[in-house]
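Shown next, in structure tokens, is the structure this report addresses.
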Protein chains: 2
Amino acid sequence: MSKENVTREENYSQWYNDIVIKADLAETSAVRGCMVIKPYGYAIWEKIQRQLDDMFKETGHVNAYFPLFIPKSFLSKEAAHIEGFAKECAVVTHYRLKTDESGKGVIVDPEAKLEEELIIRPTSETIIWNTYKGWIQSYRDLPLLVNQWANVVRWEMRTRLFLRTAEFLWQEGHTAHATSEEAIEETLKMLNVYSEFAEEYMAMPVIKGVKTANERFAGAVDTYCIEALMQDGKALQAGTSHFLGQNFAKAFDVKFTGKDGKLDYVWATSWGVSTRLMGALIMMHSDDKGLVLPPKLAPFQVVIVPIYRGDEELNLVSEFSLKIQKELKRKGISVKFDNRDTYKPGYKFAEHEYRGVPVRIAVGPRDVANSTVEVARRDTLEKEVLQVIDLPEKISHLLEQIQKNLYDRALERREQNTNQADSWEEFCELLDNKGGFIYAHWDGTSETEEKIKELTKATIRCIPLNNKKESGLCVYSGKPSAERVLFARAY
Amino acid sequence: MSKENVTREENYSQWYNDIVIKADLAETSAVRGCMVIKPYGYAIWEKIQRQLDDMFKETGHVNAYFPLFIPKSFLSKEAAHIEGFAKECAVVTHYRLKTDESGKGVIVDPEAKLEEELIIRPTSETIIWNTYKGWIQSYRDLPLLVNQWANVVRWEMRTRLFLRTAEFLWQEGHTAHATSEEAIEETLKMLNVYSEFAEEYMAMPVIKGVKTANERFAGAVDTYCIEALMQDGKALQAGTSHFLGQNFAKAFDVKFTGKDGKLDYVWATSWGVSTRLMGALIMMHSDDKGLVLPPKLAPFQVVIVPIYRGDEELNLVSEFSLKIQKELKRKGISVKFDNRDTYKPGYKFAEHEYRGVPVRIAVGPRDVANSTVEVARRDTLEKEVLQVIDLPEKISHLLEQIQKNLYDRALERREQNTNQADSWEEFCELLDNKGGFIYAHWDGTSETEEKIKELTKATIRCIPLNNKKESGLCVYSGKPSAERVLFARAY
């Protein structure tokens with residue numbers, strides 16, 4: 001908790017890394033590109049998981065588990081999938097070690113070579129659709145609404161904690177439907193679940209849209225996404241929902257008999273969010289004093305720090321604090337009583353502030369005498385003295401306020417950093433001097449999109465849903481365009 | 001749901017496999033030895049997870065996540081660990097695929113060879129203790145009480161769904177302590193958590209004990225276990241808790257400064273249960289009519305099946321059923337209203353019976369008229385007609401009764417199949433004709449233990465905790481023995 005935190009202005013990237021490390025969220029491991037998610041970081045992920053899982057179940061989904069391994073040949077069954085998908089995968093070639101004869105230690109047993117190599121799943125469409133072939137015969141087996149919580153591996157060369165790691169945790173929904181309409185409806189339903197989760201729980205405003213062909217998931221007919229804007233003006237794709245058409249059903253020969261007795265291929269969707277959301281959450285709200293967490297995802301919403309000298313004061317203050325803890329818990333508020341005797345109050349204040357605990361309550365002997373406490377909120381750093389009798393209601397209300405304030409602040413920041421560009425000069429100038437989201441006209445071709453990316457590193461984040469129709473000229477090519485699309489440099 | 005189910009007597013092993021497959025719990029996958037856990041099976045696993053996770057947290061533990069991969073060299077750092085541990089592991093040697101130039105499809109890129117091979121974790125002591133080195137400096141960092149929910153891979157040659165698969169899901173607790181006493185206390189505390197879970201939730205009586213040196217976890221000082229007896233008279237190890245001494249701390253050089261300022265190695269434990277518990281659960285209670293689930297772990301405890309002809313009766317019966325569902329839910333009972341119009345009641349009855357739903361309620365138009373329903377319990381197959389007004393209380397009570405009955409039945413079966421053997425002939429005869437647990441004297445040597453295993457396939461399951469001291473002669477060698485140990489053939 002050194003006082004010399006690097007600020008966002010000084011070095012945004014260092015600021016982010018410092019928070020991840022010093023707030024005990026995650027760290028790099030001995031394995032290149034793989035992270036260790038530390039208990040405090042994992043507790044936030046568990047909150048995210050639990051809430052999303054509840055939302056998936058409320059919308060009729062069930063969980064299942066499919067193998068970690070994918071036979072190499074499966075990957076090439078859906079042509080666009082293997083073409084478009086990064087080939088940086090972890091490949092298992094052997095299944096046994098043996099003691100090294102020339103000394104201690106172990107070596108890979110050359111005799112234990114697999115006939116066909118296995119790939120650690122980078123995503124599970126192939127193994128799942130190969131399985132669905134056995135599960136689906138008739139319309140009575142549809143829809144199939146399955147989700148999986150799992151680890152996946154993509155051998156990224158440049159990794160950053162949470163944002164891009166070789167191994168990451170995620171959920172992947174894989175659904176099967178009798179009609180195209182139903183599958184599209186599902187794709188959009190899950191996009192809405194994601195945006196609702198982002199906005200209501202992460203306090204993170206997002207823009208819903210559809211990807212251009214270039215940015216589409218390999219094997220999808222359409223990829224929908226939610227896009228958020230970080231404090232450094234870069235965009236972050238926070239979740240995707242794919243309408244897969246009949247592509248995987250055809251690749252794995254999954255047909256069903258309809259009510260009319262006719263045989264047809266099944267329609268598919270897939271959708272996922274990952275531990276990348278942790279990166280978005282950290283960048284969205286934190287400040288130069290460290291992590292800031294929205295109350296709905298904080299491992300504990302309130303921390304009580306006792307201030308005392310000697311055992312007598314400790315007993316007095318503890319009894320008082322435990323009563324407050326109990327009252328707050330009764331209101332459904334999660335409260336930690338930090339009674340560690342190995343650290344001083346000042347250290348604890350700094351630690352909880354840096355770790356983003358939404359509300360801190362300090363309790364000293366004078367508070368006990370006056371039936372008051374000092375309450376500090378993390379988002380605005382404001383403090384006030386409250387009567388103990390009012391605490392349950394006031395803290396409850398304060399947590400709601402903090403949740404709302406974080407969202408409002410993030411929305412305001414996004415609005416301030418969203419602009420329109422009507423010429424190439426304006427487009428480049430905005431990107432270089434301001435960053436943020438840029439609404440600009442685009443001629444609809446992949447060539448122009450690629451050229452813009454090459455020249456500016458900006459990509460089309462999405463074509464927003466319910467986009468205003470507005471004719472204009474492409475900022476790059478000057479060709480006609482029917483609507484503006486959303487550009488940004490992105491994570 | 002064919003009527004020609006194989007019975008336990010006819011073919012126990014086939015009976016087990018049939019239940020796993022036909023009750024939609026799991027199936028084999030396209031990857032050798034790996035299973036797909038189907039939604040109904042996974043829902044049971046989720047119940048197991050949730051309950052255990054709550055119990056871990058109540059005892060002060062937190063969750064974290066460590067890498068899937070373990071650098072090969074880590075495995076040989078703790079000598080006994082690599083010696084004793086099976087070397088059948090999945091080995092990652094490459095990190096990229098490339099398009100095959102001679103045609104379509106992909107091949108492993110020979111240029112993307114890892115400098116050091118990575119092993120898919122078969123268990124995580126090594127990577128975790130390598131991480132703990134950075135987390136532990138002083139007594140203030142202890143105890144460290146961490147658990148991980150994860151997938152692990154052991155390349156088993158002979159696999160069986162749930163009981164022994166190449167990939168399986170589990171939790172592994174890894175704790176660090178300042179003293180030996182505290183670590184041993186933790187080891188036993190978690191053994192008790194496991195036995196409490198097994199008996200109270202799985203309705204599965206277990207024997208707690210300590211393993212002999214032969215059966216100890218590789219790298220442990222002592223391995224404690226819970227052992228259960230299956231219906232075919234074979235034992236199943238359902239969970240283990242290891243006191244690791246300072247072995248891993250020494251291997252990874254993890255020291256801490258004590259309150260007295262002295263430097264010492266940290267003391268460790270690890271403990272785990274896996275999806276193997278699913279296999280135990282299935283075998284423990286099921287009968288020739290299929291799966292039988294204890295109410296506390298059933299995905300839904302009650303199913304309501306409507307019986308009707310035509311829309312008018314359907315509406316009548318549905319309204320009545322939904323009211324019952326609501327009343328039962330208010331009592332905390334999970335209830336599925338099976339209103340699928342694609343299947344007939346008879347099919348549904350058979351399906352839910354085979355899938356082990358604890359209580360079935362059938363509702364027809366006459367029931368609506370009489371304000372009654374027919375209630376059938378899965379464990380005894382008894383039916384009775386109940387007044388709707390009494391349902392919430394009676395069903396609540398019935399579920400408790402079923403939970404208790406399953407435990408009592410299992411305990412009685414175990415007692416009937418537990419014997420003492422006082423001679424080698426008696427020992428062999430019991431094993432061949434009766435199976436079950438056998439309490440017998442053993443001379444305490446590994447040689448005798450191995451010889452007995454070689455001759456009879458029976459192993460020492462454990463030396464029960466609080467074992468009665470009773471001197472006698474070893475059934476095999478005739479040498480003196482101070483207590484009986486627990487033998488059985490095992491899964």
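Ordering of the structure tokens sets the chain letters (A, B, ...); residue numbers start at 1 within each chain; ligands are numbered from 1 in the order shown.
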
For this session: Could you give me, as a PyMOL selection string, the residues within 9 Å of Ala482 of chain B, counting only C-alpha atoms and dropping anything in the same chain fewer than 4 positions from it?
Result: chain B and resi 441-443+469-473

Residue hits in chain B, query chain A, radius 7 Å, only C-alpha atoms, as a PDB file with N, CA and C atoms, in the first residue's frame:
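Final output, saved to part-v1.pdb:
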ATOM      1  N   VAL B  31     -13.326 -38.473 -26.888  1.00  0.00           N
ATOM      2  CA  VAL B  31     -11.947 -38.518 -26.415  1.00  0.00           C
ATOM      3  C   VAL B  31     -11.805 -39.672 -25.425  1.00  0.00           C
ATOM      4  N   CYS B  34     -12.446 -39.781 -21.452  1.00  0.00           N
ATOM      5  CA  CYS B  34     -13.073 -38.556 -20.951  1.00  0.00           C
ATOM      6  C   CYS B  34     -14.584 -38.681 -21.064  1.00  0.00           C
ATOM      7  N   MET B  35     -15.291 -38.149 -20.072  1.00  0.00           N
ATOM      8  CA  MET B  35     -16.748 -38.254 -20.114  1.00  0.00           C
ATOM      9  C   MET B  35     -17.392 -36.901 -20.394  1.00  0.00           C
ATOM     10  N   VAL B  36     -18.621 -36.975 -20.866  1.00  0.00           N
ATOM     11  CA  VAL B  36     -19.483 -35.806 -20.910  1.00  0.00           C
ATOM     12  C   VAL B  36     -20.425 -35.943 -19.718  1.00  0.00           C
ATOM     13  N   ILE B  37     -20.467 -34.931 -18.856  1.00  0.00           N
ATOM     14  CA  ILE B  37     -21.435 -34.954 -17.761  1.00  0.00           C
ATOM     15  C   ILE B  37     -22.686 -34.252 -18.258  1.00  0.00           C
ATOM     16  N   LYS B  38     -23.776 -35.010 -18.367  1.00  0.00           N
ATOM     17  CA  LYS B  38     -25.008 -34.477 -18.947  1.00  0.00           C
ATOM     18  C   LYS B  38     -25.745 -33.582 -17.940  1.00  0.00           C
ATOM     19  N   PRO B  39     -26.671 -32.761 -18.426  1.00  0.00           N
ATOM     20  CA  PRO B  39     -27.305 -31.795 -17.529  1.00  0.00           C
ATOM     21  C   PRO B  39     -27.884 -32.384 -16.235  1.00  0.00           C
ATOM     22  N   TYR B  42     -24.997 -33.314 -14.087  1.00  0.00           N
ATOM     23  CA  TYR B  42     -24.280 -32.121 -13.652  1.00  0.00           C
ATOM     24  C   TYR B  42     -25.061 -31.363 -12.573  1.00  0.00           C
ATOM     25  N   VAL B  62     -11.104 -20.154   1.602  1.00  0.00           N
ATOM     26  CA  VAL B  62     -11.448 -19.311   0.449  1.00  0.00           C
ATOM     27  C   VAL B  62     -11.034 -20.047  -0.821  1.00  0.00           C
ATOM     28  N   ASN B  63     -11.650 -19.688  -1.922  1.00  0.00           N
ATOM     29  CA  ASN B  63     -11.308 -20.312  -3.198  1.00  0.00           C
ATOM     30  C   ASN B  63     -10.309 -19.470  -3.982  1.00  0.00           C
ATOM     31  N   ALA B  64      -9.538 -20.130  -4.823  1.00  0.00           N
ATOM     32  CA  ALA B  64      -8.604 -19.456  -5.718  1.00  0.00           C
ATOM     33  C   ALA B  64      -8.455 -20.341  -6.952  1.00  0.00           C
ATOM     34  N   TYR B  65      -7.679 -19.850  -7.928  1.00  0.00           N
ATOM     35  CA  TYR B  65      -7.489 -20.670  -9.135  1.00  0.00           C
ATOM     36  C   TYR B  65      -6.034 -20.644  -9.587  1.00  0.00           C
ATOM     37  N   PHE B  66      -5.496 -21.835  -9.811  1.00  0.00           N
ATOM     38  CA  PHE B  66      -4.101 -21.993 -10.223  1.00  0.00           C
ATOM     39  C   PHE B  66      -4.041 -22.608 -11.623  1.00  0.00           C
ATOM     40  N   PRO B  67      -2.901 -22.456 -12.319  1.00  0.00           N
ATOM     41  CA  PRO B  67      -2.842 -22.903 -13.722  1.00  0.00           C
ATOM     42  C   PRO B  67      -3.128 -24.389 -13.941  1.00  0.00           C
ATOM     43  N   PHE B  69      -1.636 -25.988 -16.204  1.00  0.00           N
ATOM     44  CA  PHE B  69      -0.369 -26.602 -16.620  1.00  0.00           C
ATOM     45  C   PHE B  69       0.659 -26.610 -15.503  1.00  0.00           C
ATOM     46  N   PRO B  71       4.840 -27.143 -15.122  1.00  0.00           N
ATOM     47  CA  PRO B  71       6.104 -27.391 -15.816  1.00  0.00           C
ATOM     48  C   PRO B  71       6.641 -28.772 -15.415  1.00  0.00           C
ATOM     49  N   SER B  76       9.280 -33.319 -10.381  1.00  0.00           N
ATOM     50  CA  SER B  76      10.360 -34.095  -9.754  1.00  0.00           C
ATOM     51  C   SER B  76      10.966 -33.395  -8.543  1.00  0.00           C
ATOM     52  N   LYS B  87       2.641 -41.912 -13.488  1.00  0.00           N
ATOM     53  CA  LYS B  87       3.264 -41.056 -14.493  1.00  0.00           C
ATOM     54  C   LYS B  87       2.405 -40.948 -15.754  1.00  0.00           C
ATOM     55  N   GLU B  88       1.201 -41.495 -15.676  1.00  0.00           N
ATOM     56  CA  GLU B  88       0.298 -41.392 -16.815  1.00  0.00           C
ATOM     57  C   GLU B  88      -0.351 -40.008 -16.806  1.00  0.00           C
ATOM     58  N   CYS B  89       0.241 -39.119 -17.553  1.00  0.00           N
ATOM     59  CA  CYS B  89      -0.212 -37.732 -17.569  1.00  0.00           C
ATOM     60  C   CYS B  89      -0.361 -37.257 -19.012  1.00  0.00           C
ATOM     61  N   ALA B  90      -1.202 -36.264 -19.227  1.00  0.00           N
ATOM     62  CA  ALA B  90      -1.294 -35.657 -20.557  1.00  0.00           C
ATOM     63  C   ALA B  90      -0.170 -34.624 -20.670  1.00  0.00           C
ATOM     64  N   VAL B  91       0.612 -34.736 -21.732  1.00  0.00           N
ATOM     65  CA  VAL B  91       1.786 -33.891 -21.886  1.00  0.00           C
ATOM     66  C   VAL B  91       1.617 -32.953 -23.070  1.00  0.00           C
ATOM     67  N   VAL B  92       1.720 -31.656 -22.817  1.00  0.00           N
ATOM     68  CA  VAL B  92       1.654 -30.657 -23.883  1.00  0.00           C
ATOM     69  C   VAL B  92       3.080 -30.385 -24.355  1.00  0.00           C
ATOM     70  N   THR B  93       3.310 -30.577 -25.638  1.00  0.00           N
ATOM     71  CA  THR B  93       4.662 -30.393 -26.181  1.00  0.00           C
ATOM     72  C   THR B  93       4.729 -29.249 -27.194  1.00  0.00           C
ATOM     73  N   HIS B  94       3.587 -28.864 -27.772  1.00  0.00           N
ATOM     74  CA  HIS B  94       3.572 -27.834 -28.813  1.00  0.00           C
ATOM     75  C   HIS B  94       2.487 -26.805 -28.545  1.00  0.00           C
ATOM     76  N   TYR B  95       2.633 -25.629 -29.149  1.00  0.00           N
ATOM     77  CA  TYR B  95       1.657 -24.573 -28.893  1.00  0.00           C
ATOM     78  C   TYR B  95       1.043 -23.979 -30.157  1.00  0.00           C
ATOM     79  N   ARG B  96       1.164 -24.670 -31.262  1.00  0.00           N
ATOM     80  CA  ARG B  96       0.553 -24.130 -32.483  1.00  0.00           C
ATOM     81  C   ARG B  96       0.227 -25.226 -33.485  1.00  0.00           C
ATOM     82  N   LEU B  97      -0.872 -24.994 -34.220  1.00  0.00           N
ATOM     83  CA  LEU B  97      -1.224 -25.843 -35.355  1.00  0.00           C
ATOM     84  C   LEU B  97      -0.954 -25.044 -36.613  1.00  0.00           C
ATOM     85  N   LYS B  98      -0.874 -25.717 -37.748  1.00  0.00           N
ATOM     86  CA  LYS B  98      -0.831 -24.962 -39.002  1.00  0.00           C
ATOM     87  C   LYS B  98      -1.575 -25.733 -40.071  1.00  0.00           C
ATOM     88  N   GLY B 105      -7.295 -29.561 -43.591  1.00  0.00           N
ATOM     89  CA  GLY B 105      -6.978 -30.055 -42.264  1.00  0.00           C
ATOM     90  C   GLY B 105      -5.787 -29.340 -41.676  1.00  0.00           C
ATOM     91  N   VAL B 106      -5.477 -29.695 -40.435  1.00  0.00           N
ATOM     92  CA  VAL B 106      -4.376 -29.025 -39.746  1.00  0.00           C
ATOM     93  C   VAL B 106      -3.382 -30.041 -39.201  1.00  0.00           C
ATOM     94  N   ARG B 140       2.298 -13.949  10.111  1.00  0.00           N
ATOM     95  CA  ARG B 140       1.071 -13.191   9.857  1.00  0.00           C
ATOM     96  C   ARG B 140       0.376 -13.622   8.570  1.00  0.00           C
ATOM     97  N   TRP B 155      -4.026 -40.127 -16.899  1.00  0.00           N
ATOM     98  CA  TRP B 155      -4.287 -40.927 -18.083  1.00  0.00           C
ATOM     99  C   TRP B 155      -4.552 -42.389 -17.751  1.00  0.00           C
ATOM    100  N   THR B 342     -45.492 -33.653 -25.048  1.00  0.00           N
ATOM    101  CA  THR B 342     -44.928 -34.566 -26.045  1.00  0.00           C
ATOM    102  C   THR B 342     -44.782 -35.983 -25.510  1.00  0.00           C
TER     103      THR B 342
END

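The residue set within 9 Å of Asp18 of chain A, counting only C-alpha atoms and dropping same-chain residues fewer than 5 places from it, reads Asn5, Val6, Ser13, Ala23 and Gly290 of chain A.
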
For this session: Would you please work out which residue, of B:Glu111, B:Glu78, B:Asp24, B:Glu200, is nearest to Leu52 of chain B when using only C-alpha atoms?
Result: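 Answer, going by the shortest atom-to-atom distance: B:Glu200.
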
Problem set entry | DSSP strand (DSSP E) residues within segment 196-373 of chain B, listed as a ChimeraX atom specification | /B:207-210,222-229,235-245,255-257,263-265,267-274,302-306,335-337,359-363,372-373

Would you save the residues of that selection, restricted to N, CA and C atoms, as a compact mmCIF listing (two decimals), in the first residue's frame?
# COMPACT_ATOMS: atom_id res chain seq x y z
N ILE B 207 -16.54 -44.99 6.88
CA ILE B 207 -15.59 -45.28 7.96
C ILE B 207 -14.39 -44.37 7.77
N LYS B 208 -14.05 -43.65 8.83
CA LYS B 208 -12.91 -42.74 8.78
C LYS B 208 -11.68 -43.49 9.26
N GLY B 209 -10.58 -43.31 8.57
CA GLY B 209 -9.38 -44.00 9.00
C GLY B 209 -8.14 -43.41 8.39
N VAL B 210 -7.03 -44.05 8.69
CA VAL B 210 -5.77 -43.59 8.14
C VAL B 210 -5.22 -44.70 7.24
N ASP B 222 0.93 -38.53 6.27
CA ASP B 222 -0.21 -39.38 6.59
C ASP B 222 -1.37 -39.06 5.67
N THR B 223 -2.06 -40.10 5.22
CA THR B 223 -3.25 -39.91 4.41
C THR B 223 -4.45 -40.47 5.16
N TYR B 224 -5.43 -39.59 5.41
CA TYR B 224 -6.68 -40.02 6.04
C TYR B 224 -7.74 -40.17 4.95
N CYS B 225 -8.73 -41.01 5.19
CA CYS B 225 -9.72 -41.25 4.14
C CYS B 225 -11.07 -41.57 4.73
N ILE B 226 -12.10 -41.45 3.90
CA ILE B 226 -13.40 -42.02 4.25
C ILE B 226 -13.68 -43.14 3.25
N GLU B 227 -14.14 -44.27 3.79
CA GLU B 227 -14.38 -45.46 2.97
C GLU B 227 -15.85 -45.87 3.07
N ALA B 228 -16.44 -46.15 1.93
CA ALA B 228 -17.84 -46.57 1.91
C ALA B 228 -17.96 -47.95 1.28
N LEU B 229 -19.03 -48.66 1.63
CA LEU B 229 -19.23 -50.00 1.07
C LEU B 229 -20.36 -49.97 0.05
N ALA B 235 -15.42 -51.90 -1.65
CA ALA B 235 -15.25 -50.62 -0.98
C ALA B 235 -14.95 -49.53 -1.99
N LEU B 236 -15.26 -48.30 -1.61
CA LEU B 236 -14.94 -47.16 -2.45
C LEU B 236 -14.39 -46.04 -1.57
N GLN B 237 -13.20 -45.58 -1.89
CA GLN B 237 -12.59 -44.46 -1.19
C GLN B 237 -13.25 -43.19 -1.70
N ALA B 238 -13.91 -42.49 -0.77
CA ALA B 238 -14.77 -41.38 -1.22
C ALA B 238 -14.14 -40.01 -1.01
N GLY B 239 -13.04 -39.95 -0.27
CA GLY B 239 -12.39 -38.67 -0.05
C GLY B 239 -11.11 -38.89 0.73
N THR B 240 -10.13 -38.02 0.53
CA THR B 240 -8.88 -38.17 1.27
C THR B 240 -8.43 -36.80 1.80
N SER B 241 -7.73 -36.84 2.91
CA SER B 241 -7.20 -35.64 3.53
C SER B 241 -5.77 -35.97 3.97
N HIS B 242 -4.81 -35.19 3.45
CA HIS B 242 -3.40 -35.54 3.68
C HIS B 242 -2.70 -34.54 4.59
N PHE B 243 -1.96 -35.08 5.53
CA PHE B 243 -1.01 -34.26 6.29
C PHE B 243 0.32 -34.39 5.56
N LEU B 244 0.81 -33.27 5.02
CA LEU B 244 1.98 -33.33 4.13
C LEU B 244 3.28 -32.98 4.86
N GLY B 245 3.19 -32.73 6.17
CA GLY B 245 4.40 -32.34 6.90
C GLY B 245 5.02 -31.11 6.28
N LYS B 255 9.53 -20.86 3.51
CA LYS B 255 9.83 -20.66 4.93
C LYS B 255 9.08 -19.43 5.44
N PHE B 256 8.88 -19.38 6.75
CA PHE B 256 8.25 -18.21 7.35
C PHE B 256 8.99 -17.81 8.62
N THR B 257 8.90 -16.52 8.93
CA THR B 257 9.47 -16.02 10.18
C THR B 257 8.41 -16.10 11.26
N LEU B 263 13.27 -18.64 11.57
CA LEU B 263 12.82 -19.07 10.25
C LEU B 263 12.55 -20.58 10.28
N ASP B 264 11.40 -20.99 9.75
CA ASP B 264 11.12 -22.43 9.70
C ASP B 264 10.32 -22.75 8.42
N TYR B 265 10.36 -24.01 8.01
CA TYR B 265 9.53 -24.43 6.88
C TYR B 265 8.07 -24.47 7.30
N TRP B 267 4.15 -25.87 7.36
CA TRP B 267 3.48 -27.18 7.43
C TRP B 267 2.26 -27.18 6.51
N ALA B 268 1.99 -28.32 5.88
CA ALA B 268 0.97 -28.34 4.82
C ALA B 268 -0.05 -29.46 4.97
N THR B 269 -1.23 -29.20 4.38
CA THR B 269 -2.22 -30.27 4.19
C THR B 269 -2.77 -30.14 2.76
N SER B 270 -3.34 -31.22 2.27
CA SER B 270 -4.17 -31.13 1.07
C SER B 270 -5.29 -32.15 1.20
N TRP B 271 -6.43 -31.88 0.56
CA TRP B 271 -7.60 -32.74 0.72
C TRP B 271 -8.50 -32.56 -0.49
N GLY B 272 -9.14 -33.66 -0.88
CA GLY B 272 -9.96 -33.56 -2.09
C GLY B 272 -11.05 -34.61 -2.20
N VAL B 273 -12.10 -34.22 -2.89
CA VAL B 273 -13.11 -35.18 -3.37
C VAL B 273 -13.40 -34.82 -4.82
N SER B 274 -13.92 -35.79 -5.56
CA SER B 274 -14.07 -35.60 -7.00
C SER B 274 -15.42 -36.08 -7.50
N VAL B 302 -39.35 -33.22 -5.93
CA VAL B 302 -40.72 -33.65 -6.22
C VAL B 302 -41.03 -33.37 -7.68
N VAL B 303 -41.69 -34.32 -8.34
CA VAL B 303 -42.18 -34.05 -9.69
C VAL B 303 -43.71 -34.20 -9.67
N ILE B 304 -44.37 -33.25 -10.30
CA ILE B 304 -45.83 -33.36 -10.43
C ILE B 304 -46.15 -33.74 -11.87
N VAL B 305 -46.86 -34.86 -12.02
CA VAL B 305 -47.24 -35.32 -13.36
C VAL B 305 -48.75 -35.15 -13.54
N PRO B 306 -49.17 -34.34 -14.48
CA PRO B 306 -50.60 -34.15 -14.72
C PRO B 306 -51.18 -35.29 -15.59
N VAL B 335 -39.54 -28.37 -6.82
CA VAL B 335 -40.62 -29.11 -7.49
C VAL B 335 -40.62 -28.85 -8.98
N LYS B 336 -40.66 -29.89 -9.76
CA LYS B 336 -40.80 -29.73 -11.20
C LYS B 336 -42.23 -30.11 -11.59
N PHE B 337 -42.84 -29.25 -12.36
CA PHE B 337 -44.15 -29.59 -12.91
C PHE B 337 -43.91 -30.07 -14.34
N VAL B 359 -39.85 -38.01 -4.85
CA VAL B 359 -41.31 -38.07 -4.66
C VAL B 359 -42.03 -37.71 -5.95
N ARG B 360 -43.02 -38.51 -6.33
CA ARG B 360 -43.84 -38.19 -7.50
C ARG B 360 -45.28 -37.92 -7.06
N ILE B 361 -45.82 -36.86 -7.56
CA ILE B 361 -47.22 -36.55 -7.29
C ILE B 361 -47.99 -36.63 -8.60
N ALA B 362 -49.03 -37.44 -8.65
CA ALA B 362 -49.86 -37.54 -9.85
C ALA B 362 -51.17 -36.79 -9.60
N VAL B 363 -51.56 -35.99 -10.59
CA VAL B 363 -52.76 -35.17 -10.43
C VAL B 363 -53.70 -35.37 -11.62
N THR B 372 -57.43 -34.10 -3.56
CA THR B 372 -56.43 -35.09 -3.14
C THR B 372 -55.39 -35.24 -4.24
N VAL B 373 -54.31 -35.91 -3.91
CA VAL B 373 -53.34 -36.32 -4.94
C VAL B 373 -52.77 -37.68 -4.56

For this session: Would you list, as a PyMOL selection string, the residues of segment 38-286 of chain B that end up in alpha helix (DSSP H) under DSSP run on this structure's backbone?
Result: chain B and resi 39-58+72-75+79-84+125-135+180-200+247-251+276-285

Problem set entry | Atom-to-atom span, atom CA of Pro143 of chain B and atom CA of Asn192 of chain B, Å |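 Interatomic distance, atom CA of Pro143 of chain B to atom CA of Asn192 of chain B: 19.0 Å.
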